[in-house]
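final33.json follows (JSON, C-alpha atoms):
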[["chain", "number", "residue", "atom", "x", "y", "z"],
["A", 763, "MET", "CA", 0.00, 0.00, 0.00],
["A", 764, "ARG", "CA", 1.69, 3.16, -1.19],
["A", 765, "ARG", "CA", 1.04, 5.70, 1.54],
["A", 766, "SER", "CA", 4.32, 7.53, 1.15],
["A", 767, "ARG", "CA", 2.72, 10.18, -1.08],
["A", 768, "LEU", "CA", 0.53, 11.21, 1.82],
["A", 769, "ILE", "CA", 3.15, 11.49, 4.54],
["A", 770, "PHE", "CA", 3.76, 15.06, 5.65],
["A", 771, "SER", "CA", 7.23, 15.84, 6.89],
["A", 772, "ALA", "CA", 8.20, 18.35, 9.50],
["A", 773, "PHE", "CA", 10.14, 20.31, 6.86],
["A", 774, "LEU", "CA", 6.82, 21.88, 5.83],
["A", 775, "LEU", "CA", 7.14, 24.03, 8.91],
["A", 776, "LEU", "CA", 10.35, 25.47, 7.58],
["A", 777, "VAL", "CA", 8.97, 26.48, 4.21],
["A", 778, "LEU", "CA", 5.86, 28.18, 5.52],
["A", 779, "PRO", "CA", 6.17, 31.95, 5.28],
["A", 780, "ALA", "CA", 6.42, 33.85, 8.52],
["A", 781, "ALA", "CA", 3.13, 35.39, 9.59],
["A", 782, "GLU", "CA", 2.26, 37.77, 12.31],
["A", 783, "ALA", "CA", -0.38, 36.76, 14.84],
["A", 784, "PRO", "CA", -3.87, 38.11, 14.14],
["A", 785, "ALA", "CA", -4.78, 41.31, 15.93],
["A", 786, "ARG", "CA", -6.35, 40.75, 19.30],
["A", 787, "ALA", "CA", -9.40, 42.69, 18.19],
["A", 788, "GLU", "CA", -10.00, 39.89, 15.69],
["A", 789, "THR", "CA", -12.13, 37.43, 17.60],
["A", 790, "ALA", "CA", -12.29, 34.78, 14.88],
["A", 791, "ILE", "CA", -9.24, 32.59, 14.28],
["A", 792, "GLY", "CA", -7.86, 32.89, 10.75],
["A", 793, "VAL", "CA", -7.51, 29.57, 8.92],
["A", 794, "ALA", "CA", -5.81, 29.10, 5.54],
["A", 795, "MET", "CA", -6.53, 25.94, 3.57],
["A", 796, "ASP", "CA", -5.07, 24.77, 0.27],
["A", 797, "ASP", "CA", -6.90, 22.27, -1.91],
["A", 798, "PHE", "CA", -5.97, 18.74, -0.89],
["A", 799, "SER", "CA", -3.97, 16.60, -3.28],
["A", 800, "TYR", "CA", -5.42, 13.38, -4.71],
["A", 801, "ALA", "CA", -3.74, 10.17, -5.90],
["A", 802, "ASP", "CA", -5.40, 7.06, -7.30],
["A", 803, "THR", "CA", -3.17, 4.01, -6.89],
["A", 804, "SER", "CA", -6.00, 1.47, -7.03],
["A", 805, "ALA", "CA", -5.00, 0.29, -10.54],
["A", 806, "GLU", "CA", -8.65, 0.11, -11.59],
["A", 807, "PRO", "CA", -9.02, -0.08, -15.38],
["A", 808, "ALA", "CA", -11.58, 2.71, -15.70],
["A", 809, "ASN", "CA", -10.35, 6.32, -15.83],
["A", 810, "GLN", "CA", -12.09, 8.09, -12.95],
["A", 811, "THR", "CA", -10.12, 11.34, -13.03],
["A", 812, "ALA", "CA", -13.15, 13.51, -13.84],
["A", 813, "ALA", "CA", -15.25, 11.96, -11.08],
["A", 814, "HIS", "CA", -12.44, 12.31, -8.54],
["A", 815, "ASP", "CA", -11.82, 15.93, -9.49],
["A", 816, "ARG", "CA", -15.51, 16.69, -9.03],
["A", 817, "ARG", "CA", -15.74, 14.91, -5.68],
["A", 818, "LEU", "CA", -12.55, 16.48, -4.36],
["A", 819, "SER", "CA", -13.82, 19.93, -5.38],
["A", 820, "ALA", "CA", -17.12, 19.31, -3.58],
["A", 821, "PHE", "CA", -15.21, 17.97, -0.56],
["A", 822, "MET", "CA", -13.06, 21.10, -0.29],
["A", 823, "ALA", "CA", -16.03, 23.43, -0.79],
["A", 824, "ALA", "CA", -17.95, 21.69, 1.98],
["A", 825, "LEU", "CA", -14.91, 21.67, 4.28],
["A", 826, "ARG", "CA", -14.37, 25.41, 3.84],
["A", 827, "ARG", "CA", -18.08, 26.05, 4.28],
["A", 828, "ASP", "CA", -18.29, 24.06, 7.52],
["A", 829, "ILE", "CA", -15.24, 25.70, 9.09],
["A", 830, "GLY", "CA", -16.24, 29.17, 7.91],
["A", 831, "ALA", "CA", -19.76, 28.71, 9.31],
["A", 832, "ASP", "CA", -18.35, 28.29, 12.81],
["A", 833, "GLY", "CA", -18.14, 31.76, 14.33],
["A", 834, "ARG", "CA", -14.84, 30.91, 16.01],
["A", 835, "TYR", "CA", -13.01, 30.76, 12.67],
["A", 836, "ARG", "CA", -12.65, 32.76, 9.49],
["A", 837, "LEU", "CA", -11.15, 31.55, 6.24],
["A", 838, "ALA", "CA", -8.05, 33.43, 5.11],
["A", 839, "PRO", "CA", -6.61, 33.27, 1.57],
["A", 840, "SER", "CA", -3.11, 32.50, 2.84],
["A", 841, "THR", "CA", -0.82, 32.66, 5.84],
["A", 842, "GLN", "CA", 0.16, 36.16, 4.69],
["A", 843, "ASP", "CA", -3.42, 37.31, 5.23],
["A", 844, "GLY", "CA", -3.55, 36.88, 8.99],
["A", 845, "ALA", "CA", -4.12, 33.12, 9.20],
["A", 846, "ALA", "CA", -3.12, 31.69, 12.55],
["A", 847, "PHE", "CA", -3.42, 28.13, 11.24],
["A", 848, "LYS", "CA", -2.84, 26.37, 7.94],
["A", 849, "VAL", "CA", -4.63, 23.13, 6.97],
["A", 850, "ILE", "CA", -3.00, 20.80, 4.46],
["A", 851, "GLY", "CA", -4.01, 17.36, 3.32],
["A", 852, "GLY", "CA", -4.15, 14.66, 0.70],
["A", 853, "ILE", "CA", -6.37, 11.74, -0.23],
["A", 854, "GLN", "CA", -5.23, 8.48, -1.78],
["A", 855, "LYS", "CA", -7.36, 5.72, -3.24],
["A", 856, "THR", "CA", -5.62, 2.41, -2.63],
["A", 857, "SER", "CA", -8.28, -0.05, -3.79],
["A", 858, "THR", "CA", -11.81, -0.15, -5.14],
["A", 859, "LEU", "CA", -13.38, 0.39, -1.72],
["A", 860, "VAL", "CA", -10.63, 1.94, 0.42],
["A", 861, "GLN", "CA", -9.33, 5.51, 0.50],
["A", 862, "TRP", "CA", -6.91, 7.18, 2.89],
["A", 863, "ALA", "CA", -6.89, 10.81, 3.97],
["A", 864, "LYS", "CA", -3.87, 12.45, 5.57],
["A", 865, "ILE", "CA", -4.63, 15.75, 7.32],
["A", 866, "ALA", "CA", -2.31, 18.14, 9.14],
["A", 867, "VAL", "CA", -3.02, 21.41, 10.94],
["A", 868, "ILE", "CA", -0.09, 23.78, 11.46],
["A", 869, "ASP", "CA", 0.16, 26.60, 13.99],
["A", 870, "VAL", "CA", 1.76, 29.23, 11.76],
["A", 871, "GLY", "CA", 3.13, 31.50, 14.47],
["A", 872, "ALA", "CA", 4.64, 28.67, 16.50],
["A", 873, "LYS", "CA", 5.67, 26.70, 13.38],
["A", 874, "MET", "CA", 4.31, 23.61, 15.05],
["A", 875, "ILE", "CA", 2.06, 20.79, 13.87],
["A", 876, "VAL", "CA", -0.95, 20.61, 16.18],
["A", 877, "MET", "CA", -2.67, 17.79, 14.30],
["A", 878, "ASP", "CA", -1.27, 15.08, 12.03],
["A", 879, "LYS", "CA", -3.63, 12.18, 11.41],
["A", 880, "LEU", "CA", -4.27, 9.46, 8.88],
["A", 881, "TYR", "CA", -7.88, 8.43, 8.29],
["A", 882, "THR", "CA", -9.45, 5.70, 6.20],
["A", 883, "PHE", "CA", -12.90, 5.75, 4.64],
["A", 884, "ARG", "CA", -14.66, 3.14, 2.59],
["A", 885, "GLY", "CA", -16.31, 3.75, -0.73],
["A", 886, "ASP", "CA", -15.78, 6.05, -3.67],
["A", 887, "ASN", "CA", -19.14, 7.66, -4.33],
["A", 888, "ASP", "CA", -20.77, 10.97, -3.42],
["A", 889, "GLU", "CA", -22.24, 9.63, -0.18],
["A", 890, "SER", "CA", -18.95, 8.20, 1.13],
["A", 891, "TRP", "CA", -17.11, 11.44, 0.33],
["A", 892, "GLU", "CA", -19.78, 13.48, 2.13],
["A", 893, "ARG", "CA", -19.49, 11.29, 5.23],
["A", 894, "ALA", "CA", -15.73, 11.64, 5.16],
["A", 895, "GLU", "CA", -15.95, 15.45, 4.89],
["A", 896, "ILE", "CA", -18.29, 15.72, 7.87],
["A", 897, "PHE", "CA", -15.92, 13.67, 10.00],
["A", 898, "VAL", "CA", -12.78, 15.48, 8.84],
["A", 899, "SER", "CA", -14.30, 18.94, 9.42],
["A", 900, "ARG", "CA", -15.10, 18.01, 13.02],
["A", 901, "GLU", "CA", -11.58, 16.72, 13.56],
["A", 902, "ILE", "CA", -10.02, 19.89, 12.16],
["A", 903, "MET", "CA", -12.20, 22.19, 14.25],
["A", 904, "ALA", "CA", -11.34, 20.20, 17.36],
["A", 905, "ALA", "CA", -7.64, 20.70, 16.59],
["A", 906, "LEU", "CA", -8.14, 24.43, 16.00],
["A", 907, "ALA", "CA", -9.99, 24.98, 19.27],
["A", 908, "PRO", "CA", -7.80, 26.45, 22.02],
["A", 909, "PRO", "CA", -7.26, 24.23, 25.08],
["A", 910, "PRO", "CA", -9.62, 24.92, 27.98],
["A", 911, "VAL", "CA", -8.47, 27.44, 30.57],
["A", 912, "ALA", "CA", -7.63, 25.91, 33.94],
["A", 913, "LEU", "CA", -9.92, 27.86, 36.27],
["A", 914, "ALA", "CA", -10.02, 27.77, 40.05],
["A", 915, "VAL", "CA", -13.59, 28.59, 41.05],
["A", 916, "PHE", "CA", -13.51, 29.35, 44.76],
["A", 917, "ASP", "CA", -16.54, 28.91, 46.99],
["A", 918, "PHE", "CA", -18.97, 31.78, 46.69],
["A", 919, "GLU", "CA", -19.00, 34.05, 49.71],
["A", 920, "LEU", "CA", -21.82, 35.83, 51.52],
["A", 921, "GLU", "CA", -21.68, 39.51, 52.34],
["A", 922, "ASP", "CA", -24.61, 40.08, 54.68],
["A", 923, "THR", "CA", -25.55, 43.69, 55.40],
["A", 924, "THR", "CA", -28.65, 42.72, 57.35],
["A", 925, "ALA", "CA", -29.00, 41.87, 61.02],
["A", 926, "ALA", "CA", -29.69, 38.23, 60.20],
["A", 927, "SER", "CA", -29.47, 35.80, 63.09],
["A", 928, "ALA", "CA", -27.16, 32.79, 63.14],
["A", 929, "GLY", "CA", -28.24, 29.20, 63.75],
["A", 930, "ALA", "CA", -30.75, 27.88, 61.26],
["A", 931, "SER", "CA", -30.18, 30.87, 58.98],
["A", 932, "ALA", "CA", -26.43, 30.20, 58.79],
["A", 933, "THR", "CA", -27.08, 26.55, 57.94],
["A", 934, "SER", "CA", -29.49, 27.54, 55.18],
["A", 935, "ASP", "CA", -27.05, 30.14, 53.82],
["A", 936, "ALA", "CA", -24.26, 27.59, 53.64],
["A", 937, "SER", "CA", -26.49, 25.20, 51.73],
["A", 938, "HIS", "CA", -27.53, 27.83, 49.21],
["A", 939, "LEU", "CA", -23.93, 29.02, 48.74],
["A", 940, "ALA", "CA", -22.82, 25.45, 48.07],
["A", 941, "GLU", "CA", -25.52, 25.16, 45.42],
["A", 942, "VAL", "CA", -24.39, 28.42, 43.82],
["A", 943, "THR", "CA", -20.75, 27.32, 43.67],
["A", 944, "GLY", "CA", -21.56, 23.86, 42.35],
["A", 945, "SER", "CA", -23.88, 25.18, 39.66],
["A", 946, "VAL", "CA", -21.41, 27.83, 38.47],
["A", 947, "ARG", "CA", -18.60, 25.27, 38.28],
["A", 948, "GLU", "CA", -20.85, 22.95, 36.31],
["A", 949, "ALA", "CA", -21.91, 25.66, 33.84],
["A", 950, "LEU", "CA", -18.33, 26.76, 33.23],
["A", 951, "GLY", "CA", -17.04, 23.22, 32.89],
["A", 952, "GLN", "CA", -19.77, 22.19, 30.46],
["A", 953, "SER", "CA", -19.01, 25.18, 28.24],
["A", 954, "GLY", "CA", -15.79, 23.51, 27.12],
["A", 955, "ARG", "CA", -13.89, 26.77, 27.60],
["A", 956, "TYR", "CA", -12.76, 25.95, 31.12],
["A", 957, "ARG", "CA", -11.23, 23.05, 33.01],
["A", 958, "ILE", "CA", -12.30, 23.39, 36.63],
["A", 959, "ILE", "CA", -9.47, 23.02, 39.15],
["A", 960, "ASP", "CA", -10.11, 21.40, 42.53],
["A", 961, "VAL", "CA", -9.73, 24.06, 45.24],
["A", 962, "GLY", "CA", -10.21, 21.65, 48.14],
["A", 963, "THR", "CA", -6.54, 21.92, 49.09],
["A", 964, "ALA", "CA", -6.41, 25.72, 48.84],
["A", 965, "SER", "CA", -4.19, 27.21, 51.53],
["A", 966, "GLY", "CA", -4.41, 30.57, 53.24],
["A", 967, "GLU", "CA", -6.66, 32.00, 55.91],
["A", 968, "ALA", "CA", -8.74, 34.00, 53.44],
["A", 969, "ALA", "CA", -9.66, 30.86, 51.51],
["A", 970, "LYS", "CA", -10.49, 28.88, 54.64],
["A", 971, "THR", "CA", -12.65, 31.62, 56.14],
["A", 972, "ARG", "CA", -14.25, 32.57, 52.82],
["A", 973, "ALA", "CA", -12.88, 36.09, 52.88],
["A", 974, "LEU", "CA", -11.19, 36.14, 49.48],
["A", 975, "ARG", "CA", -13.24, 39.16, 48.48],
["A", 976, "ASP", "CA", -11.26, 41.24, 50.99],
["A", 977, "CYS", "CA", -7.73, 39.86, 50.43],
["A", 978, "ASP", "CA", -6.70, 42.27, 47.65],
["A", 979, "GLY", "CA", -6.30, 39.67, 44.92],
["A", 980, "CYS", "CA", -4.62, 36.93, 46.95],
["A", 981, "GLU", "CA", -6.88, 34.39, 45.23],
["A", 982, "ALA", "CA", -4.71, 34.66, 42.12],
["A", 983, "VAL", "CA", -1.62, 33.42, 43.99],
["A", 984, "ILE", "CA", -3.62, 30.61, 45.57],
["A", 985, "ALA", "CA", -5.00, 29.62, 42.18],
["A", 986, "GLN", "CA", -1.51, 29.59, 40.63],
["A", 987, "ASN", "CA", -0.27, 27.31, 43.42],
["A", 988, "LEU", "CA", -3.12, 24.95, 42.56],
["A", 989, "GLY", "CA", -2.00, 24.84, 38.92],
["A", 990, "ALA", "CA", -4.74, 27.12, 37.57],
["A", 991, "ASP", "CA", -4.44, 29.71, 34.82],
["A", 992, "GLN", "CA", -7.17, 31.92, 36.26],
["A", 993, "SER", "CA", -9.15, 32.38, 39.46],
["A", 994, "LEU", "CA", -12.80, 33.22, 40.01],
["A", 995, "ILE", "CA", -14.36, 34.49, 43.19],
["A", 996, "GLY", "CA", -18.04, 35.25, 43.62],
["A", 997, "VAL", "CA", -20.02, 37.15, 46.21],
["A", 998, "VAL", "CA", -23.67, 37.11, 47.19],
["A", 999, "ARG", "CA", -24.57, 40.40, 48.86],
["A", 1000, "ARG", "CA", -27.68, 40.18, 50.99],
["A", 1001, "VAL", "CA", -29.53, 43.47, 51.12],
["A", 1002, "SER", "CA", -32.54, 42.14, 53.03],
["A", 1003, "ARG", "CA", -34.05, 38.74, 53.73],
["A", 1004, "THR", "CA", -35.74, 38.84, 50.33],
["A", 1005, "GLU", "CA", -33.24, 40.88, 48.28],
["A", 1006, "TYR", "CA", -29.68, 40.29, 47.15],
["A", 1007, "THR", "CA", -27.13, 41.17, 44.46],
["A", 1008, "LEU", "CA", -24.47, 39.01, 42.85],
["A", 1009, "GLY", "CA", -20.96, 39.65, 41.62],
["A", 1010, "PHE", "CA", -17.92, 37.74, 40.38],
["A", 1011, "GLN", "CA", -14.35, 38.55, 39.38],
["A", 1012, "VAL", "CA", -11.78, 36.64, 37.32],
["A", 1013, "ARG", "CA", -8.03, 37.22, 37.63],
["A", 1014, "ASP", "CA", -4.99, 35.99, 35.76],
["A", 1015, "ALA", "CA", -3.34, 33.57, 38.18],
["A", 1016, "ARG", "CA", 0.17, 34.57, 37.09],
["A", 1017, "THR", "CA", -0.10, 38.36, 37.06],
["A", 1018, "GLY", "CA", -3.11, 38.97, 39.30],
["A", 1019, "ALA", "CA", -4.64, 41.24, 36.66],
["A", 1020, "VAL", "CA", -8.42, 41.42, 36.59],
["A", 1021, "LEU", "CA", -9.55, 39.81, 33.34],
["A", 1022, "SER", "CA", -13.29, 40.18, 33.69],
["A", 1023, "ARG", "CA", -15.99, 40.89, 36.20],
["A", 1024, "GLY", "CA", -19.74, 40.91, 36.37],
["A", 1025, "ASP", "CA", -22.35, 42.29, 38.72],
["A", 1026, "SER", "CA", -26.09, 41.84, 38.73],
["A", 1027, "GLY", "CA", -26.52, 45.48, 39.72],
["A", 1028, "LEU", "CA", -30.10, 44.76, 40.68],
["A", 1029, "ARG", "CA", -31.87, 43.58, 43.78],
["A", 1030, "MET", "CA", -33.25, 40.15, 43.11],
["A", 1031, "GLY", "CA", -35.35, 37.52, 44.90],
["A", 1032, "ALA", "CA", -34.89, 35.41, 48.03],
["A", 1033, "ASP", "CA", -32.06, 32.99, 48.86],
["A", 1034, "TYR", "CA", -33.58, 30.06, 47.00],
["A", 1035, "SER", "CA", -32.98, 31.93, 43.72],
["A", 1036, "TRP", "CA", -29.26, 32.58, 44.34],
["A", 1037, "LYS", "CA", -28.23, 29.61, 42.20],
["A", 1038, "ARG", "CA", -30.35, 30.63, 39.22],
["A", 1039, "GLY", "CA", -29.15, 34.22, 39.40],
["A", 1040, "ALA", "CA", -25.47, 33.25, 39.64],
["A", 1041, "VAL", "CA", -25.55, 30.86, 36.69],
["A", 1042, "ARG", "CA", -27.36, 33.43, 34.58],
["A", 1043, "LEU", "CA", -24.90, 36.17, 35.48],
["A", 1044, "VAL", "CA", -21.85, 34.05, 34.69],
["A", 1045, "SER", "CA", -23.39, 32.78, 31.45],
["A", 1046, "ASP", "CA", -24.41, 36.25, 30.26],
["A", 1047, "ARG", "CA", -21.30, 38.14, 31.31],
["A", 1048, "LEU", "CA", -18.43, 35.65, 31.20],
["A", 1049, "LEU", "CA", -19.31, 32.90, 28.75],
["A", 1050, "ASP", "CA", -20.85, 35.33, 26.28],
["A", 1051, "GLY", "CA", -17.83, 37.62, 26.65],
["A", 1052, "ALA", "CA", -19.67, 40.71, 27.85],
["A", 1053, "ALA", "CA", -17.83, 41.12, 31.15],
["A", 1054, "GLN", "CA", -15.25, 43.90, 31.24],
["A", 1055, "PRO", "CA", -12.15, 44.34, 33.44]]

Target encoding structure tokens, full file:
Amino acid sequence: MRRSRLIFSAFLLLVLPAAEAPARAETAIGVAMDDFSYADTSAEPANQTAAHDRRLSAFMAALRRDIGADGRYRLAPSTQDGAAFKVIGGIQKTSTLVQWAKIAVIDVGAKMIVMDKLYTFRGDNDESWERAEIFVSREIMAALAPPPVALAVFDFELEDTTAASAGASATSDASHLAEVTGSVREALGQSGRYRIIDVGTASGEAAKTRALRDCDGCEAVIAQNLGADQSLIGVVRRVSRTEYTLGFQVRDARTGAVLSRGDSGLRMGADYSWKRGAVRLVSDRLLDGAAQP
């Protein structure tokens, strides 16, 4: 089986032209993609060049359409036009029913291959090519996606400005705060943008007494010691027994810089609605990118 024509060597990294990283204001990742090569080594008697050219053209059009339709990416004509990644590939037909596809994704700025895979798909008709394209597009987009941010989500804290009594009230507050923290961690983890770091071993008096909101950014250092890239603290501020506000703040664990923050800014319902309000605030302000430092 002659697969050598499809093997991509590391020297491709050396011949790629240098390209500057896209401007930070550009939210979509630039992706350049050349037409894939095609080789038929099946030794079938019939000349299928026209059919293969047509199917390869349809394959490439669908691949560009699928990647371009994802708001995270934008197609760029070349690496000189702001592409952060370059996709190269080739397809080889080795027998009547078997084809191989070799796909590589290159990080242009780092001159590093981030994906290099060999796939096989059966059949040589429109339907088999369409199935192969759907699978390959998903694989490429997975390779293009940035790794999730390691985020230390500390337990939400309560800032009570009322004259609330202890005892049963404190027990209820602790239960509701635990629900808030758990639900926020779940929402962030399920987004795929974050990998939630266990903060159970967090050291420091402020972490143990749930006073991170008053420690002047010490949560960033604690988060870094836990192996996190970022830290998140959240506060429930009780205004009355039936009113509260919510806030959160995210810092860079290495520098301590505030990356984003959100605040409900409104008085909302009773304690049983803390969880719903917190998840909505984080989803609207952090996951949707609306929070500002």

Q: Mind listing whatever residues come within 10 Å of the point (-6.6, 4.5, -6.8)? Use only C-alpha atoms, file coordinates, and give them as number ranges by chain.
A: A: 800-806, 809-811, 814, 853-861, 886

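Considering all atoms listed in the file, the residue among A:Gln1011, A:Thr841, A:Thr1004, A:Gln992 positioned nearest to Phe918 of chain A is A:Gln1011.
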
Give me, as a tab-separated table, each residue of segment 806-856 of chain A that comes within 12 Å of segment 907-914 of chain A, together with its shortest interatomic pair and the distance in Å at one decimal, counting all atoms listed in the file, with rows ordered by chain and rising residue number.
residue	atom	partner	partner_atom	distance
A:Ile829	CA	A:Ala907	CA	11.5
A:Asp832	CA	A:Ala907	CA	11.1
A:Gly833	CA	A:Ala907	CA	11.7
A:Arg834	CA	A:Ala907	CA	8.3
A:Tyr835	CA	A:Ala907	CA	9.3
A:Ala846	CA	A:Ala907	CA	11.7
A:Phe847	CA	A:Ala907	CA	10.8

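Among the candidate residues A:Val1001, A:Ala936, A:Ala863, A:Ala838, the one lying nearest to Gly792 of chain A is A:Ala838, with distances computed using only C-alpha atoms.
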
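Separating atom CA of Leu994 of chain A from atom CA of Ser1026 of chain A is a distance of 15.9 Å.
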
Q. Leu950 of chain A: which residues within 12 Å, counting only C-alpha atoms, same-chain residues fewer than 2 positions away excluded, as an NGL selection string?
A. :A and (910-915 or 943-948 or 952-959 or 994 or 1040-1050)

Take the residues just selected and output them with C-alpha atoms as a PDB file, in the frame of the given file.
ATOM      1  CA  PRO A 910      -9.620  24.920  27.980  1.00  0.00           C
ATOM      2  CA  VAL A 911      -8.470  27.440  30.570  1.00  0.00           C
ATOM      3  CA  ALA A 912      -7.630  25.910  33.940  1.00  0.00           C
ATOM      4  CA  LEU A 913      -9.920  27.860  36.270  1.00  0.00           C
ATOM      5  CA  ALA A 914     -10.020  27.770  40.050  1.00  0.00           C
ATOM      6  CA  VAL A 915     -13.590  28.590  41.050  1.00  0.00           C
ATOM      7  CA  THR A 943     -20.750  27.320  43.670  1.00  0.00           C
ATOM      8  CA  GLY A 944     -21.560  23.860  42.350  1.00  0.00           C
ATOM      9  CA  SER A 945     -23.880  25.180  39.660  1.00  0.00           C
ATOM     10  CA  VAL A 946     -21.410  27.830  38.470  1.00  0.00           C
ATOM     11  CA  ARG A 947     -18.600  25.270  38.280  1.00  0.00           C
ATOM     12  CA  GLU A 948     -20.850  22.950  36.310  1.00  0.00           C
ATOM     13  CA  GLN A 952     -19.770  22.190  30.460  1.00  0.00           C
ATOM     14  CA  SER A 953     -19.010  25.180  28.240  1.00  0.00           C
ATOM     15  CA  GLY A 954     -15.790  23.510  27.120  1.00  0.00           C
ATOM     16  CA  ARG A 955     -13.890  26.770  27.600  1.00  0.00           C
ATOM     17  CA  TYR A 956     -12.760  25.950  31.120  1.00  0.00           C
ATOM     18  CA  ARG A 957     -11.230  23.050  33.010  1.00  0.00           C
ATOM     19  CA  ILE A 958     -12.300  23.390  36.630  1.00  0.00           C
ATOM     20  CA  ILE A 959      -9.470  23.020  39.150  1.00  0.00           C
ATOM     21  CA  LEU A 994     -12.800  33.220  40.010  1.00  0.00           C
ATOM     22  CA  ALA A1040     -25.470  33.250  39.640  1.00  0.00           C
ATOM     23  CA  VAL A1041     -25.550  30.860  36.690  1.00  0.00           C
ATOM     24  CA  ARG A1042     -27.360  33.430  34.580  1.00  0.00           C
ATOM     25  CA  LEU A1043     -24.900  36.170  35.480  1.00  0.00           C
ATOM     26  CA  VAL A1044     -21.850  34.050  34.690  1.00  0.00           C
ATOM     27  CA  SER A1045     -23.390  32.780  31.450  1.00  0.00           C
ATOM     28  CA  ASP A1046     -24.410  36.250  30.260  1.00  0.00           C
ATOM     29  CA  ARG A1047     -21.300  38.140  31.310  1.00  0.00           C
ATOM     30  CA  LEU A1048     -18.430  35.650  31.200  1.00  0.00           C
ATOM     31  CA  LEU A1049     -19.310  32.900  28.750  1.00  0.00           C
ATOM     32  CA  ASP A1050     -20.850  35.330  26.280  1.00  0.00           C
TER      33      ASP A1050
END

Q) Please, what distance in Å, to one decimal, runs between atom CA of Gly1009 of chain A and atom CA of Thr971 of chain A? A)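 These atoms are spaced 18.6 Å apart.
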
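Distance annotation: of A:Ile896, A:Gly885, A:Arg816, A:Ala790, the residue with the minimal separation from Gly844 of chain A is A:Ala790; atom set is all atoms listed in the file.
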
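Taking atom CA of Asp828 of chain A and atom CA of Asp869 of chain A as the two end points, the separation is 19.7 Å.
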
Q | Point (-8.5, 23.9, -3.1), cut-off 8 Å, counting all atoms listed in the file, residues as a PyMOL selection string | A | chain A and resi 795-798+819+822-823

Q.
Taking all atoms listed in the file into account, name the residue in A:Ala824, A:Ile791, A:Ser890, A:Ser799 that is nearest to Lys848 of chain A.
A.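 Checking each candidate against Lys848 of chain A, we get A:Ile791 as the closest.
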
Q | Polymer residues at most 9 Å from segment 983-989 of chain A, all atoms listed in the file, same-chain spacing of 6 or more positions, as a PyMOL selection string | A | chain A and resi 912-916+959-961+963-966+969+1014-1018

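Distance annotation: of A:Ser1022, A:Ser993, A:Thr923, A:Ser899, the residue with the minimal separation from Val849 of chain A is A:Ser899; atom set is all atoms listed in the file.
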
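When all atoms listed in the file are used to compute distances to Ile868 of chain A, the closest of the residues A:Phe821, A:Ala932, A:Ala905, A:Arg884 turns out to be A:Ala905.
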
(Q) Applying 7 Å and all atoms listed in the file, which residues near Leu837 of chain A remain after dropping the ones on its own chain fewer than 6 positions away? List them as an NGL selection string. (A) :A and (792-794 or 830)

Expected file contents, prior selection, C-alpha atoms, as a PDB file, in the frame of the given file:
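Output file result.pdb follows:
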ATOM      1  CA  GLY A 792      -7.860  32.890  10.750  1.00  0.00           C
ATOM      2  CA  VAL A 793      -7.510  29.570   8.920  1.00  0.00           C
ATOM      3  CA  ALA A 794      -5.810  29.100   5.540  1.00  0.00           C
ATOM      4  CA  GLY A 830     -16.240  29.170   7.910  1.00  0.00           C
TER       5      GLY A 830
END
